[in-house]
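Visitor: One file: input20.cif (mmCIF, C-alpha atoms (C1' of nucleotides)).
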data_work
#
loop_
_atom_site.label_atom_id
_atom_site.label_comp_id
_atom_site.auth_asym_id
_atom_site.auth_seq_id
_atom_site.Cartn_x
_atom_site.Cartn_y
_atom_site.Cartn_z
CA MET A 219 -20.02 -18.57 20.34
CA ARG A 220 -21.45 -20.23 23.44
CA HIS A 221 -18.92 -18.53 25.64
CA ARG A 222 -20.00 -15.08 24.61
CA SER A 223 -22.51 -13.35 26.78
CA ASN A 224 -25.80 -12.13 25.46
CA THR A 225 -24.78 -8.54 25.97
CA ALA A 226 -21.64 -9.09 23.94
CA LEU A 227 -23.69 -10.58 21.13
CA LYS A 228 -26.13 -7.72 21.21
CA ARG A 229 -23.28 -5.30 21.15
CA LYS A 230 -21.82 -6.99 18.11
CA SER A 231 -25.06 -7.00 16.14
CA LEU A 232 -25.64 -3.38 17.05
CA LEU A 233 -22.15 -2.53 15.94
CA THR A 234 -22.40 -4.30 12.62
CA ALA A 235 -25.84 -2.92 11.92
CA LYS A 236 -24.67 0.62 12.51
CA VAL A 237 -21.61 0.23 10.34
CA LEU A 238 -23.44 -1.46 7.47
CA ARG A 239 -26.18 1.14 7.55
CA TRP A 240 -23.62 3.92 7.54
CA TYR A 241 -21.83 2.24 4.64
CA ARG A 242 -24.93 1.95 2.49
CA LYS A 243 -25.49 5.67 2.81
CA ASN A 244 -21.94 7.00 2.98
CA GLY A 245 -19.71 4.40 1.35
CA ARG A 246 -17.49 5.55 -1.47
CA GLN A 247 -18.20 4.42 -5.00
CA LEU A 248 -14.97 2.83 -6.11
CA PRO A 249 -14.56 1.01 -9.42
CA TRP A 250 -13.01 -2.13 -7.94
CA ARG A 251 -15.96 -2.61 -5.64
CA ASN A 252 -18.00 -3.64 -8.64
CA GLU A 253 -15.42 -6.17 -9.73
CA ASP A 254 -15.06 -9.79 -8.81
CA ASP A 255 -12.62 -10.87 -11.51
CA PRO A 256 -9.55 -11.96 -9.51
CA TYR A 257 -7.10 -10.24 -11.84
CA ARG A 258 -8.87 -6.91 -11.70
CA VAL A 259 -9.25 -7.07 -7.93
CA LEU A 260 -5.62 -8.08 -7.65
CA VAL A 261 -4.47 -5.02 -9.58
CA SER A 262 -6.50 -2.73 -7.37
CA GLU A 263 -5.25 -4.31 -4.16
CA VAL A 264 -1.61 -4.16 -5.16
CA MET A 265 -2.03 -0.55 -6.22
CA LEU A 266 -3.67 0.25 -2.90
CA GLN A 267 -0.78 -1.08 -0.84
CA GLN A 268 0.40 1.98 1.07
CA THR A 269 -1.20 4.18 -1.54
CA GLN A 270 -4.18 6.50 -1.28
CA VAL A 271 -7.43 5.79 -3.04
CA SER A 272 -7.32 9.14 -4.83
CA ARG A 273 -4.08 8.20 -6.53
CA VAL A 274 -5.21 4.72 -7.51
CA LEU A 275 -8.46 6.06 -8.95
CA THR A 276 -6.63 7.80 -11.77
CA LYS A 277 -4.16 5.02 -12.58
CA TYR A 278 -6.33 1.91 -12.22
CA PRO A 279 -8.41 2.23 -15.39
CA ARG A 280 -5.39 3.14 -17.47
CA PHE A 281 -3.42 0.14 -16.25
CA LEU A 282 -6.28 -2.27 -16.94
CA LYS A 283 -6.79 -0.85 -20.39
CA ARG A 284 -3.14 -1.40 -21.11
CA PHE A 285 -2.99 -4.87 -19.48
CA PRO A 286 -6.56 -6.19 -19.63
CA SER A 287 -5.75 -9.70 -18.49
CA LEU A 288 -3.24 -11.67 -16.51
CA ARG A 289 -1.95 -13.24 -19.69
CA ARG A 290 -1.44 -9.89 -21.34
CA LEU A 291 0.57 -8.80 -18.34
CA THR A 292 2.80 -11.85 -18.60
CA ASN A 293 3.47 -11.09 -22.26
CA ALA A 294 4.26 -7.43 -21.72
CA LYS A 295 7.73 -5.96 -21.70
CA THR A 296 8.76 -5.22 -18.14
CA SER A 297 9.78 -1.74 -19.20
CA ASP A 298 6.20 -1.11 -20.30
CA VAL A 299 4.84 -2.34 -16.98
CA ILE A 300 7.18 0.01 -15.14
CA LYS A 301 6.11 2.84 -17.42
CA ALA A 302 2.46 2.12 -16.75
CA TRP A 303 3.24 2.30 -13.05
CA GLU A 304 4.28 5.95 -13.34
CA GLY A 305 2.94 8.07 -10.53
CA MET A 306 2.12 5.10 -8.31
CA GLY A 307 5.33 4.91 -6.29
CA TYR A 308 6.95 1.78 -4.87
CA ASN A 309 8.00 0.58 -8.30
CA ASN A 310 8.93 -2.83 -6.94
CA ARG A 311 5.21 -3.52 -6.83
CA ALA A 312 5.02 -3.32 -10.61
CA LEU A 313 7.76 -5.91 -10.93
CA ARG A 314 6.17 -8.22 -8.39
CA LEU A 315 2.81 -7.91 -10.07
CA GLN A 316 4.24 -9.11 -13.34
CA ARG A 317 6.23 -11.86 -11.60
CA LEU A 318 3.05 -12.92 -9.90
CA ALA A 319 1.30 -13.15 -13.23
CA VAL A 320 4.06 -15.34 -14.62
CA THR A 321 4.00 -17.54 -11.53
CA VAL A 322 0.25 -17.98 -11.78
CA LEU A 323 0.56 -18.88 -15.44
CA ASP A 324 3.31 -21.41 -14.77
CA GLU A 325 2.11 -22.95 -11.53
CA HIS A 326 -1.66 -22.41 -11.46
CA ARG A 327 -2.62 -22.74 -15.11
CA GLY A 328 -3.27 -19.03 -15.32
CA ARG A 329 -5.91 -19.07 -12.59
CA ILE A 330 -5.30 -16.96 -9.52
CA PRO A 331 -5.77 -19.33 -6.57
CA GLY A 332 -8.65 -18.70 -4.21
CA ASN A 333 -7.22 -19.93 -0.96
CA ILE A 334 -5.34 -17.69 1.35
CA GLN A 335 -2.29 -19.83 1.82
CA GLU A 336 -1.57 -20.13 -1.88
CA LEU A 337 -2.26 -16.44 -2.39
CA GLU A 338 0.18 -15.46 0.32
CA ALA A 339 2.89 -17.53 -1.34
CA LEU A 340 2.74 -15.35 -4.45
CA PRO A 341 5.17 -12.46 -4.91
CA GLY A 342 3.86 -9.17 -3.58
CA ILE A 343 0.97 -10.79 -1.72
CA GLY A 344 1.08 -10.60 2.06
CA ARG A 345 -1.47 -11.28 4.71
CA TYR A 346 -3.64 -8.26 3.98
CA THR A 347 -3.78 -8.69 0.21
CA ALA A 348 -4.38 -12.44 0.45
CA HIS A 349 -7.37 -11.90 2.71
CA ALA A 350 -8.62 -9.00 0.58
CA LEU A 351 -8.62 -11.17 -2.54
CA ALA A 352 -10.21 -14.09 -0.74
CA CYS A 353 -13.00 -11.85 0.48
CA PHE A 354 -13.53 -9.32 -2.31
CA SER A 355 -13.01 -11.62 -5.26
CA PHE A 356 -13.73 -15.13 -4.01
CA GLY A 357 -16.53 -14.26 -1.60
CA GLN A 358 -14.96 -15.89 1.40
CA GLN A 359 -16.18 -14.85 4.83
CA VAL A 360 -12.80 -13.78 6.17
CA PRO A 361 -11.60 -10.67 7.95
CA VAL A 362 -9.27 -8.10 6.47
CA VAL A 363 -6.91 -5.94 8.48
CA ASP A 364 -5.28 -2.95 6.90
CA THR A 365 -4.04 0.22 8.55
CA ASN A 366 -7.54 1.75 8.55
CA ILE A 367 -9.26 -1.23 10.09
CA LYS A 368 -6.46 -1.66 12.59
CA ARG A 369 -6.98 1.92 13.76
CA VAL A 370 -10.76 1.62 13.95
CA LEU A 371 -10.66 -1.63 15.90
CA THR A 372 -7.92 -0.44 18.21
CA ARG A 373 -9.92 2.62 19.18
CA LEU A 374 -13.09 0.59 19.50
CA ARG A 375 -11.52 -2.02 21.72
CA SER A 376 -10.21 0.27 24.46
CA PRO A 377 -9.75 3.94 25.22
CA GLN A 378 -7.19 5.34 22.88
CA SER A 379 -5.32 6.89 25.77
CA ARG A 380 -4.60 3.46 27.18
CA ARG A 381 -1.57 1.96 25.59
CA PRO A 382 0.52 0.12 24.42
CA ALA A 383 -0.94 -0.73 21.03
CA PRO A 384 -2.48 -4.22 20.81
CA LYS A 385 -0.61 -6.99 19.08
CA GLU A 386 -1.17 -7.61 15.42
CA GLU A 387 -2.60 -11.05 16.09
CA ASP A 388 -5.10 -9.68 18.60
CA ILE A 389 -6.45 -7.30 15.98
CA TRP A 390 -6.93 -10.13 13.50
CA ASP A 391 -8.71 -12.13 16.20
CA LEU A 392 -10.95 -9.19 16.98
CA ALA A 393 -11.70 -8.65 13.30
CA GLU A 394 -12.56 -12.32 12.98
CA SER A 395 -14.87 -12.20 15.99
CA LEU A 396 -16.76 -9.19 14.69
CA LEU A 397 -17.25 -10.50 11.17
CA PRO A 398 -20.94 -10.52 10.25
CA ARG A 399 -21.35 -13.73 8.30
CA GLN A 400 -22.73 -13.32 4.80
CA HIS A 401 -21.79 -9.65 4.84
CA SER A 402 -18.02 -9.82 5.02
CA HIS A 403 -17.44 -8.01 1.75
CA ASP A 404 -19.45 -4.93 2.65
CA TRP A 405 -18.35 -5.08 6.26
CA ASN A 406 -14.66 -5.05 5.40
CA GLN A 407 -15.12 -2.33 2.83
CA ALA A 408 -17.20 -0.35 5.29
CA LEU A 409 -14.56 -0.49 8.01
CA MET A 410 -11.94 0.72 5.58
CA ASP A 411 -14.15 3.60 4.51
CA LEU A 412 -14.85 4.46 8.10
CA GLY A 413 -11.15 4.53 8.88
CA ALA A 414 -10.28 6.50 5.77
CA THR A 415 -12.96 9.16 6.06
CA ILE A 416 -14.15 9.36 9.70
CA CYS A 417 -11.88 7.48 12.06
CA THR A 418 -8.81 9.15 10.61
CA ALA A 419 -5.41 9.04 12.25
CA ALA A 420 -4.75 12.66 13.14
CA GLN A 421 -8.14 14.27 13.64
CA PRO A 422 -10.95 11.73 13.76
CA LYS A 423 -14.40 13.12 13.05
CA CYS A 424 -16.14 11.56 16.03
CA ASP A 425 -19.09 13.92 15.60
CA ARG A 426 -19.92 12.17 12.34
CA CYS A 427 -19.13 8.62 13.41
CA PRO A 428 -21.89 6.00 13.48
CA LEU A 429 -20.11 4.29 16.37
CA VAL A 430 -19.74 7.30 18.63
CA ASP A 431 -22.08 5.76 21.22
CA LEU A 432 -20.18 2.47 21.29
CA CYS A 433 -16.64 3.73 21.13
CA PRO A 434 -14.57 4.13 24.30
CA SER A 435 -12.18 6.40 22.41
CA ALA A 436 -14.79 8.84 21.14
CA TYR A 437 -13.52 12.40 21.52
CA ARG A 438 -10.57 11.02 23.44
CA VAL A 439 -7.98 10.67 20.74
CA SER A 440 -4.95 12.58 21.83
CA ARG A 441 -2.22 13.94 19.65
CA ARG A 442 0.47 11.44 19.01
CA THR A 443 3.84 12.13 20.49
CA ARG A 444 5.86 10.37 17.89
CA ALA A 445 9.32 9.18 18.58
CA ALA A 446 11.45 10.98 16.04
CA LYS A 447 12.08 8.60 13.20
CA LYS A 448 15.62 7.81 12.29
CA PRO A 449 16.53 9.66 9.11
CA GLU A 450 16.73 7.49 6.05
CA PRO A 451 20.04 6.93 4.35
CA GLY A 452 20.55 9.35 1.52
CA ARG A 453 22.65 12.08 -0.01
CA ASP A 454 22.61 15.81 0.72
CA GLY A 455 19.63 15.31 3.03
CA ILE A 456 17.57 13.58 0.35
CA PRO A 457 16.66 9.91 0.96
CA ASN A 458 17.96 7.31 -1.45
CA ARG A 459 14.45 6.26 -2.33
CA ILE A 460 13.91 9.67 -3.87
CA TYR A 461 16.96 9.26 -6.06
CA ARG A 462 15.76 5.79 -7.00
CA GLY A 463 12.44 7.22 -8.05
CA ARG A 464 14.16 9.91 -10.07
CA THR A 465 16.30 7.29 -11.76
CA ILE A 466 13.33 5.22 -12.85
CA GLN A 467 11.48 8.32 -13.95
CA ALA A 468 14.42 9.50 -16.04
CA LEU A 469 14.53 6.13 -17.77
CA ARG A 470 10.78 6.17 -18.35
CA GLU A 471 11.06 9.51 -20.09
CA LEU A 472 13.95 8.40 -22.26
CA LYS A 473 12.51 8.01 -25.74
CA THR A 474 15.60 6.92 -27.61
CA PRO A 475 16.60 3.27 -27.32
CA GLY A 476 20.01 2.43 -25.99
CA GLY A 477 19.74 3.73 -22.46
CA MET A 478 21.67 6.45 -20.68
CA THR A 479 25.24 6.68 -19.53
CA ARG A 480 25.91 6.65 -15.80
CA THR A 481 27.08 10.23 -15.89
CA ALA A 482 24.09 11.54 -17.79
CA LEU A 483 21.80 9.68 -15.44
CA ALA A 484 23.63 10.88 -12.33
CA ARG A 485 23.45 14.51 -13.45
CA LYS A 486 19.79 14.11 -14.18
CA ILE A 487 18.88 12.81 -10.73
CA LYS A 488 21.34 14.94 -8.77
CA PRO A 489 22.02 18.31 -10.43
CA ASN A 490 25.09 19.05 -8.31
CA PHE A 491 26.60 15.67 -9.03
CA THR A 492 30.38 15.56 -8.82
CA SER A 493 33.05 12.89 -8.76
CA VAL A 494 32.75 12.55 -4.99
CA ASP A 495 29.25 11.16 -5.57
CA ARG A 496 30.52 8.37 -7.81
CA ARG A 497 30.70 5.68 -5.18
CA TRP A 498 27.29 6.52 -3.76
CA SER A 499 25.75 6.69 -7.23
CA GLU A 500 27.18 3.32 -8.14
CA SER A 501 25.74 1.62 -5.07
CA LEU A 502 22.36 3.17 -5.86
CA LEU A 503 22.44 1.66 -9.35
CA ARG A 504 23.59 -1.68 -7.99
CA ARG A 505 20.60 -1.92 -5.75
CA LEU A 506 18.22 -0.95 -8.54
CA GLN A 507 19.80 -3.61 -10.69
CA LYS A 508 19.50 -6.18 -7.93
CA ASP A 509 15.82 -5.35 -7.57
CA GLY A 510 15.40 -5.82 -11.30
CA LEU A 511 14.26 -2.27 -11.89
CA ILE A 512 17.11 -1.35 -14.23
CA ARG A 513 19.46 -3.09 -16.58
CA ILE A 514 23.13 -2.20 -16.81
CA ARG A 515 24.13 -3.22 -20.26
CA ALA A 516 27.40 -3.88 -21.88
CA GLY A 517 28.80 -0.55 -22.98
CA ASN A 518 27.94 0.86 -19.59
CA ARG A 519 24.52 2.14 -20.51
CA ILE A 520 21.49 2.02 -18.22
CA SER A 521 17.94 1.29 -19.21
CA LEU A 522 14.74 -0.22 -17.92
CA PRO A 523 14.63 -4.03 -18.13
CA GLU A 524 13.08 -5.43 -21.32
"C1'" DA B 1 12.64 -7.35 13.99
"C1'" DA B 2 14.01 -3.35 11.99
"C1'" DT B 3 14.65 -1.33 7.76
"C1'" DG B 4 14.09 -0.17 2.81
"C1'" DC B 5 10.95 1.07 -0.49
"C1'" DG B 6 7.66 6.46 -4.10
"C1'" DT B 7 4.79 9.93 -4.71
"C1'" DG B 8 2.41 14.09 -4.18
"C1'" DG B 9 -1.28 16.39 -1.48
"C1'" DC B 10 -2.10 18.45 2.95
"C1'" DT B 11 -1.21 21.27 7.04
"C1'" DT C 225 6.65 25.51 4.48
"C1'" DA C 226 9.00 21.66 5.71
"C1'" DG C 227 7.58 17.68 7.33
"C1'" DC C 228 3.90 14.20 7.66
"C1'" DC C 229 1.83 10.40 5.77
"C1'" DA C 230 -1.20 6.98 3.01
"C1'" DA C 231 -5.90 -0.14 1.38
"C1'" DG C 232 1.89 -3.38 2.90
"C1'" DC C 233 5.52 -6.43 1.52
"C1'" DA C 234 10.07 -8.47 1.59
"C1'" DT C 235 14.30 -9.37 3.72
#
Could I get this structure in the form of structure tokens?

Guide:
Amino acid sequence: MRHRSNTALKRKSLLTAKVLRWYRKNGRQLPWRNEDDPYRVLVSEVMLQQTQVSRVLTKYPRFLKRFPSLRRLTNAKTSDVIKAWEGMGYNNRALRLQRLAVTVLDEHRGRIPGNIQELEALPGIGRYTAHALACFSFGQQVPVVDTNIKRVLTRLRSPQSRRPAPKEEDIWDLAESLLPRQHSHDWNQALMDLGATICTAAQPKCDRCPLVDLCPSAYRVSRRTRAAKKPEPGRDGIPNRIYRGRTIQALRELKTPGGMTRTALARKIKPNFTSVDRRWSESLLRRLQKDGLIRIRAGNRISLPE
DNA sequence: AATGCGTGGCT
DNA sequence: TAGCCAAGCAT
């Protein structure tokens, strides 16, 4: 810290004070913020990967009621875990969550590890989630960088008009340097709230931002000219991931045991299915099978994995 | 390193 | 209203 100037230090303490004050008054009340049990925090963080708070709010309590502990999750049928994941999207996360539970039981005596390196080695846990668990569950004074915090810090660091976007590592370094020791939990949560509710991507509400006086990007966020994204692979203009989702959903809704035939399934997910779609449909199923999301049984019937 | 991976609300 | 996009991760 010796290299930092006094003005920089003052700026930091002013910044953190403003954010923490704003958070105390305006922070959202979210159920997982009152949790420190690693399993319960883990479930929330995995659910929140690329998924809005509003969606997680409705699914989180139901999932925990169904799988109240890591051990209960390991003992569950995978098909039930996938069913409980309904409405969440990115079904691979449900699989990885259960695989994580099994890994923790086998390799960590059922205790979710508290250090970042071991966390990051677990299935479905990347840099963000590892740091989130370390901070929110284990009380470590470490930064967290998600898409919200990345946006807030990027705008705070330099005028938004000036580009290109900073490197990922620079953002983590900046987050580390701003961390108010002993307040990391609230600070990280506060920055995420700020990004989600005020410093939003499209139309930031600078008039309501506690940092408006400190932010070089205030009222200067221009509309993004996005490079047109390459269309995803799909069929009839519909991305494959949509058909994958429909496939899993159809199998969730199937009440009778024994699975569905390929043809019945194909017609269900693609109403105008014809024989020319056979090859495409087969490759779709193959990938789902490879991911472990479906089982193709002898007798050619498809179901969720046990 | 670029791409694949859900879902449903919002504009 | 058709397209955009949201607490990332794995390969």

Visitor: Enumerate, as a ChimeraX atom specification, the residues matched when the PyMOL selection byres ((chain A) within 6 of (chain C)) is run on the file above.

Guide: /A:266-270

Visitor: Suppose we keep C-alpha atoms; can you now write the selection as a CSV table (one decimal), keeping the file's coordinate frame?

Guide:
chain,number,residue,atom,x,y,z
A,266,LEU,CA,-3.7,0.2,-2.9
A,267,GLN,CA,-0.8,-1.1,-0.8
A,268,GLN,CA,0.4,2.0,1.1
A,269,THR,CA,-1.2,4.2,-1.5
A,270,GLN,CA,-4.2,6.5,-1.3

Visitor: Check every residue of chain B for an atom within 8 Å of chain A, counting only C-alpha atoms (C1' of nucleotides), and provide those that qualify as a PyMOL selection string.

Guide: chain B and resi 5-7

Visitor: Running the PyMOL selection byres ((chain A and resi 302) around 8) on this model by hand, what would come out? Give it as an MDAnalysis selection string.

Guide: chainID A and resid 280:281 284 298:301 303:304

Visitor: Just say which residues the PyMOL selection byres ((chain A and resi 378-395) around 9) picks in this file, as a CSV table (one decimal) with C-alpha atoms, keeping the file's coordinate frame.

Guide:
chain,number,residue,atom,x,y,z
A,230,LYS,CA,-21.8,-7.0,18.1
A,360,VAL,CA,-12.8,-13.8,6.2
A,361,PRO,CA,-11.6,-10.7,8.0
A,362,VAL,CA,-9.3,-8.1,6.5
A,363,VAL,CA,-6.9,-5.9,8.5
A,367,ILE,CA,-9.3,-1.2,10.1
A,368,LYS,CA,-6.5,-1.7,12.6
A,371,LEU,CA,-10.7,-1.6,15.9
A,372,THR,CA,-7.9,-0.4,18.2
A,373,ARG,CA,-9.9,2.6,19.2
A,374,LEU,CA,-13.1,0.6,19.5
A,375,ARG,CA,-11.5,-2.0,21.7
A,376,SER,CA,-10.2,0.3,24.5
A,377,PRO,CA,-9.8,3.9,25.2
A,396,LEU,CA,-16.8,-9.2,14.7
A,397,LEU,CA,-17.2,-10.5,11.2
A,398,PRO,CA,-20.9,-10.5,10.2
A,434,PRO,CA,-14.6,4.1,24.3
A,435,SER,CA,-12.2,6.4,22.4
A,436,ALA,CA,-14.8,8.8,21.1
A,438,ARG,CA,-10.6,11.0,23.4
A,439,VAL,CA,-8.0,10.7,20.7
A,440,SER,CA,-5.0,12.6,21.8

Visitor: Which distance in Å separates CA of Ala408 (chain A) and CA of Arg242 (chain A), to one decimal?

Guide: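 Value for the CA of Ala408 (chain A)-CA of Arg242 (chain A) distance: 8.5 Å.
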
Visitor: What is the distance, in Å and to one decimal place, between CA of Arg327 (chain A) and CA of Leu511 (chain A)?

Guide: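 Atom-to-atom, CA of Arg327 (chain A) to CA of Leu511 (chain A), that is 26.7 Å.
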
Visitor: Around (-2.0, -6.2, -14.5) in the file's own coordinates, what residues are found within 10 Å if you use all atoms listed in the file, given back as a count of residues only?

Guide: 28

Visitor: Show me the residues close to (-21.4, -6.0, 0.8) - anything with an atom within 10 Å, counting all atoms listed in the file - and format the list as a ChimeraX atom specification.

Guide: /A:238,241-242,251,354,357,400-408

Visitor: Calculate how many Å separate CA of Leu483 (chain A) from CA of Gly342 (chain A), rounding to one decimal.

Guide: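 Value for the CA of Leu483 (chain A)-CA of Gly342 (chain A) distance: 28.6 Å.
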